[in-house]
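Single-structure report; data block below.
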Amino acid sequence: MDLETRVYQNYAKKESWRTVLILAYQSLGVVYGDLSTSPLYVYKSTFEEDIQHSETNEEIYGVLSFVFWTLTLVPLLKYVFIVLRADDNGEGGTFALYSLLCRHARVNSLPNCQLADEELIEYKKDSIGLAPQSSFGSSLKSSLEKHRVLQRFLLVLALIGTCMVIGDGILTPAISGDYSFLSLVSCVFSAVSGLELSMSKEHHKSQSEIVDVEVPVACIILIGLFALQHYGTHRVGFLFAPVVLVWLLCISAIGLYNIIHWNPHVYQALSPYYMYKFFRKTQRGGWMSLGGILLCITGSEAMFADLGHFSQLSIKIAFTFLVYPALILAYMGQAAYLSQHHIIESDYRIGFYVSVPEKLRWPVLVIAILAAVVGSQAIITGTFSIIKQCSALGCFPRVKIIHTSSKIHGQIYIPEINWLLMVLCLAVTVGFRDTRRMGNASGLEFIKWQGQVLEIEKKGTGLAVITVMLVTTCLMSLVIVLCWQKSVFLAIGFVFFFGTIEALYFTASLTKFLEGAWVPIALAFIFLIIMCVWHYGTLKKYEFDVQNKVSINWLLSLGPSLGIVRVRGIGLVHTELVSGIPAIFSHFVTNLPAFHQVLVFLCIKSVPVPHVKPEERFLVGHIGPREYRLYRCIVRYGYRDVHKDDMEFEKDLVCSIAEFIRSESVAPGSVNEDLVKDDDKMTVVGTCSSHTEGVQMREDDADNIEAAGPSELKEIWSPPPVIKLRKRVQFIVPKSPEIDTGAREELQELMEAREAGIAYILGHSYVKAKQGSSLIKKLVINYGYEFLRRNSRLSTYALSVPHASTLEVGMIYHV
């Protein structure tokens, strides 16, 4: 028996490693496309304007030293060994860090959090085995929870990092698409030098011919790239991974050849001393050239943003053992070649292709073009994950989320975002090309000048990337103190060390703001406005619900005097409130004085955790006396949970109420409870599959129902129907312990109501600013938020509701 167990464990371990290696291979085609193409343009961008390559080689050695230490400290040390460990149970990105902070401190702006949410297993996971918080950590947490200004600042900081990734996601594919035609970009246009070295002047087309072809071909490439996204991350990864793998092997082999053939001692330039010599000689020009060196780490943030699509270990393996060594060899090889070639025809020819052996230039050019197309995949995939997190926490309009993998829940596809990114990328491609190609005389000048245009655009992505890195550094310092509960000195050291490096690159990138770096900033600012408007409108709408909710006493005092009648069936009143009666229900009862024999106030909310266990899905409680048959049910979903269809959800909902009735009768107060407002006792109840020893429900024909043996279970049937009902319902209740008569009657009535059917009462609200509100508030609420609400999807719950059973109640909210 022990031998069999050991064999099984070894098999599971092999299977696990097989999965990790497959994910590492897929990550090459998704995560590392942008980062791996950086050798195409780093040296050329660095030596383009601010510094010159001299015979002393101090400049080229200094740049190599900067590139080596930047790659080592930021992607390898910061992201691979530190930041990836701060995942939110498998999810990455700046907003995942914010969500992680929300789990350890009450900084979420939406006031729908409950003490019971903090009892979730996912909340507790990170706190097991950790030392108590320091006094500074406790005071920091208290300050964040007390001051709304700090909470808003933290949210805006997270949204800035998120929007910068999206802005980069718009610009990077546009650049990559252009490069694929005539090698006019590799996330830059520096690869044009490959054409210039591989084609004689008589083969250059005139400007008019290039103008007629370049933009349409670039647009076709972009459309094809975004059209592939609906196949899912795993398929796209398998498709693109061979391209990146061949590219990495190619540049590492060329780099190794150049080191051996031209300058075997170039490794000495890896010493930090050469950075000092570089600054001593170049001074201000060297500082401004850091914007070009920064391009060597563009794409690093994708390792964290795309974490939900893969795993920590797979991303670490791919970068540490393949991507990082290949990039170092490529940069060292270029430096070795340039150190022996001081006389260059033009500055434009300092770059990647000049160091490629002449016989290999055309094959390498083809591989580079393919790798450039793949380069934008990391940002596109990361944008999907980020938008899903923002939407789940009320910071982005609701969108359709499609899970493309049954094994990796983080692999998703969002059609609206995909096509929106495509349209914006096409607009940037056409707009920039049309604006900057006027006034060029010859085809050669056109190609060269277009290369400079794309380098300016790439500098824009560099500014966006370094901004994301700074935001990540700031949020990580809070995670170190509040979530990991480490020393405050460790957090200060983290911010000081990495923040200093990133601030240096950030200031250098700002000098290129007017030259094109404003593009991703402007795009990010547009998305930031959208997120802030949506979050503000959502918050104000929720605050209106809270302030205008109806007390339970009002509902219980209605009685027969107002002509209230109870009709057969279950009425589900959808609300976002976790306590109290929503104002929209009082509006409904006032106009139609009747409601169902079983009434359930249903709240479906997202909690800032990736997953909620099935056994913790529902919070169920009575509203008022037991005989009124009024229930409150709160359904909790994590932002990576998949919502069930309406039939399965209805079954789980009714079954959870039945289990609540049984458990309350058998042992009141024995399960985990949370006292919320209005003194409603909320009991944690799982789905049907999670409480196999509790109440089970069977529907449809009784002849097809396989019940357990009489010694274990006994059945409660609804009485034979007088008329033909839509469903036949059976509750299977454990024989022991015995439930009381009141609970049996309550279950009986619940079954009758379920057989009669379920009616969904949904609120259709119109949000308007109050009279006397400021002009800005009126613009934000009446126009901005209302426009987004009309053009966004309904909630997942509302989408799955059968239209024939839906009753919408309209109401105007004056916020």
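Identifiers in the structure tokens: chain A, B, ... in order shown; residue index from 1 per chain; ligand index from 1 in order shown.
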Can you pull out the residues contacting Phe240 (chain A)? Cut-off 10 Å, using only C-alpha atoms, and skip same-chain residues under 4 positions away; I want them as a ChimeraX atom specification.
/A:25-30,33,235-236,244-245,370-371,373-375,377
Prev. selection, C-alpha atoms, output as a PDB file, in the first residue's frame:
```pdb
ATOM      1  CA  TYR A  25       6.958  27.240 -22.846  1.00  0.00           C
ATOM      2  CA  GLN A  26       3.618  28.971 -23.484  1.00  0.00           C
ATOM      3  CA  SER A  27       4.741  32.027 -21.533  1.00  0.00           C
ATOM      4  CA  LEU A  28       7.500  32.601 -24.084  1.00  0.00           C
ATOM      5  CA  GLY A  29       4.904  33.416 -26.723  1.00  0.00           C
ATOM      6  CA  VAL A  30       2.770  35.588 -24.442  1.00  0.00           C
ATOM      7  CA  GLY A  33       7.747  38.889 -26.798  1.00  0.00           C
ATOM      8  CA  ARG A 235      -3.450  28.380 -28.080  1.00  0.00           C
ATOM      9  CA  VAL A 236      -1.872  31.755 -28.763  1.00  0.00           C
ATOM     10  CA  VAL A 244      10.213  33.765 -29.491  1.00  0.00           C
ATOM     11  CA  LEU A 245      12.216  30.631 -28.713  1.00  0.00           C
ATOM     12  CA  LEU A 370       7.744  37.708 -36.565  1.00  0.00           C
ATOM     13  CA  ALA A 371       9.073  38.348 -33.050  1.00  0.00           C
ATOM     14  CA  VAL A 373       4.375  40.926 -33.941  1.00  0.00           C
ATOM     15  CA  VAL A 374       4.507  38.627 -30.908  1.00  0.00           C
ATOM     16  CA  GLY A 375       5.952  41.478 -28.837  1.00  0.00           C
ATOM     17  CA  GLN A 377       0.886  39.921 -27.027  1.00  0.00           C
TER      18      GLN A 377
END
```
DSSP helix (DSSP H, G or I) residues within region 44-118 of chain A, listed as an mmCIF file with N, CA and C atoms, in the first residue's frame:
```
data_model
loop_
_atom_site.group_PDB
_atom_site.id
_atom_site.type_symbol
_atom_site.label_atom_id
_atom_site.label_comp_id
_atom_site.auth_asym_id
_atom_site.auth_seq_id
_atom_site.Cartn_x
_atom_site.Cartn_y
_atom_site.Cartn_z
ATOM 1 N N LYS A 44 20.699 51.694 -30.446
ATOM 2 C CA LYS A 44 20.421 52.732 -31.420
ATOM 3 C C LYS A 44 19.705 53.916 -30.785
ATOM 4 N N SER A 45 18.725 53.639 -29.917
ATOM 5 C CA SER A 45 18.006 54.710 -29.248
ATOM 6 C C SER A 45 18.899 55.467 -28.278
ATOM 7 N N THR A 46 19.822 54.759 -27.650
ATOM 8 C CA THR A 46 20.696 55.388 -26.665
ATOM 9 C C THR A 46 21.688 56.340 -27.325
ATOM 10 N N GLU A 58 34.332 54.141 -23.796
ATOM 11 C CA GLU A 58 33.758 54.375 -22.479
ATOM 12 C C GLU A 58 32.223 54.447 -22.543
ATOM 13 N N GLU A 59 31.728 55.010 -23.650
ATOM 14 C CA GLU A 59 30.274 55.135 -23.785
ATOM 15 C C GLU A 59 29.616 53.771 -23.983
ATOM 16 N N ILE A 60 30.177 52.966 -24.882
ATOM 17 C CA ILE A 60 29.545 51.674 -25.171
ATOM 18 C C ILE A 60 29.667 50.733 -23.980
ATOM 19 N N TYR A 61 30.806 50.785 -23.284
ATOM 20 C CA TYR A 61 30.960 49.959 -22.089
ATOM 21 C C TYR A 61 30.026 50.429 -20.970
ATOM 22 N N GLY A 62 29.870 51.734 -20.846
ATOM 23 C CA GLY A 62 28.969 52.258 -19.829
ATOM 24 C C GLY A 62 27.524 51.867 -20.084
ATOM 25 N N VAL A 63 27.118 51.938 -21.354
ATOM 26 C CA VAL A 63 25.754 51.533 -21.696
ATOM 27 C C VAL A 63 25.558 50.053 -21.416
ATOM 28 N N LEU A 64 26.545 49.213 -21.771
ATOM 29 C CA LEU A 64 26.440 47.776 -21.492
ATOM 30 C C LEU A 64 26.321 47.516 -19.998
ATOM 31 N N SER A 65 27.098 48.238 -19.194
ATOM 32 C CA SER A 65 27.027 48.065 -17.745
ATOM 33 C C SER A 65 25.647 48.459 -17.225
ATOM 34 N N PHE A 66 25.116 49.577 -17.734
ATOM 35 C CA PHE A 66 23.776 49.998 -17.332
ATOM 36 C C PHE A 66 22.732 48.959 -17.719
ATOM 37 N N VAL A 67 22.829 48.443 -18.931
ATOM 38 C CA VAL A 67 21.862 47.451 -19.403
ATOM 39 C C VAL A 67 21.924 46.193 -18.545
ATOM 40 N N PHE A 68 23.138 45.733 -18.260
ATOM 41 C CA PHE A 68 23.293 44.502 -17.472
ATOM 42 C C PHE A 68 22.701 44.661 -16.082
ATOM 43 N N TRP A 69 23.032 45.736 -15.393
ATOM 44 C CA TRP A 69 22.564 45.896 -14.020
ATOM 45 C C TRP A 69 21.082 46.248 -13.962
ATOM 46 N N THR A 70 20.596 46.950 -14.976
ATOM 47 C CA THR A 70 19.161 47.230 -15.011
ATOM 48 C C THR A 70 18.364 45.953 -15.192
ATOM 49 N N LEU A 71 18.804 45.094 -16.122
ATOM 50 C CA LEU A 71 18.137 43.812 -16.327
ATOM 51 C C LEU A 71 18.240 42.919 -15.093
ATOM 52 N N THR A 72 19.360 43.002 -14.408
ATOM 53 C CA THR A 72 19.565 42.139 -13.242
ATOM 54 C C THR A 72 18.749 42.602 -12.038
ATOM 55 N N LEU A 73 18.713 43.901 -11.817
ATOM 56 C CA LEU A 73 18.063 44.417 -10.613
ATOM 57 C C LEU A 73 16.547 44.526 -10.756
ATOM 58 N N VAL A 74 16.065 44.958 -11.921
ATOM 59 C CA VAL A 74 14.623 45.204 -12.045
ATOM 60 C C VAL A 74 13.856 43.939 -12.441
ATOM 61 N N PRO A 75 14.037 43.379 -13.632
ATOM 62 C CA PRO A 75 13.241 42.179 -13.957
ATOM 63 C C PRO A 75 13.597 40.976 -13.086
ATOM 64 N N LEU A 76 14.900 40.739 -12.890
ATOM 65 C CA LEU A 76 15.304 39.510 -12.192
ATOM 66 C C LEU A 76 15.098 39.614 -10.690
ATOM 67 N N LEU A 77 15.730 40.599 -10.062
ATOM 68 C CA LEU A 77 15.667 40.683 -8.599
ATOM 69 C C LEU A 77 14.296 41.167 -8.125
ATOM 70 N N LYS A 78 13.842 42.298 -8.676
ATOM 71 C CA LYS A 78 12.603 42.888 -8.178
ATOM 72 C C LYS A 78 11.390 42.045 -8.541
ATOM 73 N N TYR A 79 11.212 41.760 -9.836
ATOM 74 C CA TYR A 79 9.986 41.099 -10.262
ATOM 75 C C TYR A 79 10.019 39.593 -10.003
ATOM 76 N N VAL A 80 11.057 38.915 -10.475
ATOM 77 C CA VAL A 80 11.079 37.451 -10.386
ATOM 78 C C VAL A 80 11.187 36.975 -8.947
ATOM 79 N N VAL A 83 8.446 40.597 -6.375
ATOM 80 C CA VAL A 83 7.082 41.034 -6.699
ATOM 81 C C VAL A 83 6.183 39.859 -7.052
ATOM 82 N N LEU A 84 6.707 38.860 -7.757
ATOM 83 C CA LEU A 84 5.869 37.710 -8.125
ATOM 84 C C LEU A 84 5.342 36.975 -6.902
ATOM 85 N N ARG A 85 6.013 37.097 -5.775
ATOM 86 C CA ARG A 85 5.561 36.461 -4.541
ATOM 87 C C ARG A 85 4.363 37.191 -3.935
ATOM 88 N N ALA A 86 4.097 38.398 -4.411
ATOM 89 C CA ALA A 86 2.977 39.187 -3.882
ATOM 90 C C ALA A 86 1.734 39.002 -4.730
ATOM 91 N N THR A 94 -0.825 45.559 -10.898
ATOM 92 C CA THR A 94 -0.919 46.581 -9.854
ATOM 93 C C THR A 94 -2.253 46.526 -9.123
ATOM 94 N N PHE A 95 -3.332 46.208 -9.838
ATOM 95 C CA PHE A 95 -4.627 46.165 -9.167
ATOM 96 C C PHE A 95 -4.745 44.938 -8.269
ATOM 97 N N ALA A 96 -4.013 43.888 -8.574
ATOM 98 C CA ALA A 96 -3.981 42.735 -7.666
ATOM 99 C C ALA A 96 -3.302 43.117 -6.350
ATOM 100 N N LEU A 97 -2.285 43.973 -6.413
ATOM 101 C CA LEU A 97 -1.662 44.462 -5.189
ATOM 102 C C LEU A 97 -2.665 45.275 -4.369
ATOM 103 N N TYR A 98 -3.447 46.095 -5.054
ATOM 104 C CA TYR A 98 -4.483 46.869 -4.358
ATOM 105 C C TYR A 98 -5.518 45.939 -3.724
ATOM 106 N N SER A 99 -5.916 44.912 -4.460
ATOM 107 C CA SER A 99 -6.866 43.944 -3.916
ATOM 108 C C SER A 99 -6.281 43.230 -2.702
ATOM 109 N N LEU A 100 -5.005 42.932 -2.757
ATOM 110 C CA LEU A 100 -4.330 42.287 -1.629
ATOM 111 C C LEU A 100 -4.355 43.192 -0.407
ATOM 112 N N LEU A 101 -4.159 44.481 -0.614
ATOM 113 C CA LEU A 101 -4.225 45.433 0.494
ATOM 114 C C LEU A 101 -5.645 45.537 1.043
ATOM 115 N N CYS A 102 -6.646 45.449 0.158
ATOM 116 C CA CYS A 102 -8.041 45.503 0.603
ATOM 117 C C CYS A 102 -8.382 44.314 1.498
ATOM 118 N N ARG A 103 -7.705 43.202 1.306
ATOM 119 C CA ARG A 103 -7.968 42.027 2.119
ATOM 120 C C ARG A 103 -7.394 42.165 3.522
ATOM 121 N N HIS A 104 -6.362 42.986 3.681
ATOM 122 C CA HIS A 104 -5.708 43.105 4.978
ATOM 123 C C HIS A 104 -6.011 44.421 5.684
ATOM 124 N N LEU A 115 -17.984 41.731 8.214
ATOM 125 C CA LEU A 115 -17.017 40.996 9.022
ATOM 126 C C LEU A 115 -16.923 39.550 8.568
ATOM 127 N N ALA A 116 -18.039 39.001 8.076
ATOM 128 C CA ALA A 116 -18.039 37.608 7.624
ATOM 129 C C ALA A 116 -17.114 37.406 6.438
ATOM 130 N N ASP A 117 -16.915 38.441 5.626
ATOM 131 C CA ASP A 117 -16.021 38.317 4.472
ATOM 132 C C ASP A 117 -14.587 38.072 4.914
ATOM 133 N N GLU A 118 -14.215 38.629 6.058
ATOM 134 C CA GLU A 118 -12.863 38.450 6.556
ATOM 135 C C GLU A 118 -12.632 37.045 7.106
#
```
Could you find all residues in region 544-610 of chain A that DSSP calls strand (DSSP E or B) from the backbone, and write them as a PyMOL selection string?
chain A and resi 550+565-574+581+594-606
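Near region 749-754 of chain A, within 6 Å and counting only C-alpha atoms, sit Arg568, Gly569 and Ile570 of chain A, not including residues fewer than 4 positions from it in the same chain.
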Can you tell me, as an MDAnalysis selection string, what residues are no more than 12 Å from Phe595 (chain A) when counting only C-alpha atoms, ignoring any on the same chain fewer than 2 positions away?
chainID A and resid 555 558:559 563:573 585:586 588:593 597:600 628:630 758:761 807
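If only C-alpha atoms are the atoms counted, then among A:Val685, A:Leu290, A:Leu478, A:Cys425 the closest residue to Ala503 (chain A) is A:Leu290.
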Residue neighbourhood Asp34 (chain A), 10 Å, only C-alpha atoms, exclusion window fewer than 2 positions, as a PyMOL selection string:
chain A and resi 29-32+36-38+172-173+176+186-187+244+295-300+302+371-379
Expected file: the selected residues, N, CA, C and O atoms, as a short mmCIF file (atom, residue, chain, number, x, y, z; two decimals), in the first residue's frame:
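Ended up saving to result12.cif:
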```cif
data_model
loop_
_atom_site.label_atom_id
_atom_site.label_comp_id
_atom_site.auth_asym_id
_atom_site.auth_seq_id
_atom_site.Cartn_x
_atom_site.Cartn_y
_atom_site.Cartn_z
N GLY A 29 5.65 32.79 -25.65
CA GLY A 29 4.90 33.42 -26.72
C GLY A 29 3.95 34.49 -26.27
O GLY A 29 3.42 35.23 -27.10
N VAL A 30 3.74 34.61 -24.95
CA VAL A 30 2.77 35.59 -24.44
C VAL A 30 3.45 36.67 -23.62
O VAL A 30 3.21 37.86 -23.81
N VAL A 31 4.32 36.28 -22.71
CA VAL A 31 4.88 37.22 -21.74
C VAL A 31 6.13 37.93 -22.26
O VAL A 31 6.31 39.13 -22.03
N TYR A 32 6.98 37.23 -22.98
CA TYR A 32 8.34 37.73 -23.23
C TYR A 32 8.58 38.25 -24.64
O TYR A 32 9.73 38.53 -25.00
N SER A 36 11.95 40.39 -25.22
CA SER A 36 12.99 39.72 -25.99
C SER A 36 13.40 40.48 -27.25
O SER A 36 14.50 40.25 -27.77
N THR A 37 12.55 41.39 -27.74
CA THR A 37 12.92 42.16 -28.93
C THR A 37 13.63 43.46 -28.60
O THR A 37 13.97 44.23 -29.50
N SER A 38 13.87 43.73 -27.32
CA SER A 38 14.53 44.97 -26.93
C SER A 38 15.94 45.14 -27.51
O SER A 38 16.35 46.28 -27.76
N THR A 172 1.91 49.71 -28.08
CA THR A 172 2.84 48.65 -28.47
C THR A 172 2.38 47.86 -29.69
O THR A 172 3.17 47.65 -30.61
N PRO A 173 1.13 47.38 -29.77
CA PRO A 173 0.72 46.67 -30.99
C PRO A 173 0.76 47.53 -32.24
O PRO A 173 1.06 47.03 -33.33
N SER A 176 4.33 47.50 -33.27
CA SER A 176 4.71 46.17 -33.77
C SER A 176 4.12 45.89 -35.14
O SER A 176 4.75 45.27 -35.98
N SER A 186 10.04 46.99 -34.31
CA SER A 186 10.13 45.80 -33.50
C SER A 186 9.72 46.23 -32.12
O SER A 186 10.39 46.04 -31.14
N CYS A 187 8.60 46.81 -32.06
CA CYS A 187 8.17 47.67 -30.98
C CYS A 187 8.94 48.96 -31.13
O CYS A 187 8.86 49.83 -30.31
N VAL A 244 9.38 33.13 -30.52
CA VAL A 244 10.21 33.76 -29.49
C VAL A 244 11.38 32.86 -29.12
O VAL A 244 12.50 33.34 -28.89
N LEU A 295 14.66 51.16 -22.37
CA LEU A 295 13.92 50.28 -23.28
C LEU A 295 14.32 48.82 -23.13
O LEU A 295 13.60 47.94 -23.60
N CYS A 296 15.43 48.54 -22.48
CA CYS A 296 15.86 47.14 -22.32
C CYS A 296 14.96 46.37 -21.36
O CYS A 296 15.00 45.13 -21.33
N ILE A 297 14.14 47.08 -20.56
CA ILE A 297 13.25 46.39 -19.62
C ILE A 297 11.78 46.61 -19.96
O ILE A 297 10.92 46.25 -19.15
N THR A 298 11.47 47.19 -21.10
CA THR A 298 10.06 47.29 -21.49
C THR A 298 9.51 45.89 -21.70
O THR A 298 10.09 45.08 -22.42
N GLY A 299 8.43 45.60 -21.10
CA GLY A 299 7.86 44.25 -21.13
C GLY A 299 8.08 43.50 -19.84
O GLY A 299 7.48 42.43 -19.64
N SER A 300 8.91 44.03 -18.94
CA SER A 300 9.15 43.34 -17.67
C SER A 300 7.90 43.28 -16.82
O SER A 300 7.64 42.28 -16.13
N ALA A 302 5.03 42.86 -17.71
CA ALA A 302 4.11 41.83 -18.20
C ALA A 302 4.27 40.52 -17.42
O ALA A 302 3.32 39.74 -17.33
N ALA A 371 8.97 38.11 -34.49
CA ALA A 371 9.07 38.35 -33.05
C ALA A 371 8.45 39.68 -32.66
O ALA A 371 7.89 39.83 -31.57
N ALA A 372 8.53 40.68 -33.57
CA ALA A 372 7.96 41.99 -33.27
C ALA A 372 6.45 41.92 -33.16
O ALA A 372 5.84 42.58 -32.32
N VAL A 373 5.82 41.10 -34.02
CA VAL A 373 4.37 40.93 -33.94
C VAL A 373 4.00 40.29 -32.61
O VAL A 373 3.02 40.69 -31.96
N VAL A 374 4.78 39.31 -32.17
CA VAL A 374 4.51 38.63 -30.91
C VAL A 374 4.73 39.57 -29.73
O VAL A 374 4.13 39.41 -28.66
N GLY A 375 5.58 40.60 -29.93
CA GLY A 375 5.95 41.48 -28.84
C GLY A 375 4.80 42.15 -28.15
O GLY A 375 4.88 42.47 -26.96
N SER A 376 3.72 42.40 -28.87
CA SER A 376 2.59 43.10 -28.28
C SER A 376 1.63 42.18 -27.53
O SER A 376 0.72 42.64 -26.85
N GLN A 377 1.82 40.87 -27.63
CA GLN A 377 0.89 39.92 -27.03
C GLN A 377 0.86 40.03 -25.51
O GLN A 377 -0.19 39.89 -24.88
N ALA A 378 2.01 40.30 -24.91
CA ALA A 378 2.08 40.35 -23.44
C ALA A 378 1.18 41.44 -22.90
O ALA A 378 0.46 41.25 -21.90
N ILE A 379 1.19 42.61 -23.53
CA ILE A 379 0.39 43.72 -23.03
C ILE A 379 -1.09 43.48 -23.27
O ILE A 379 -1.93 43.81 -22.42
#
```
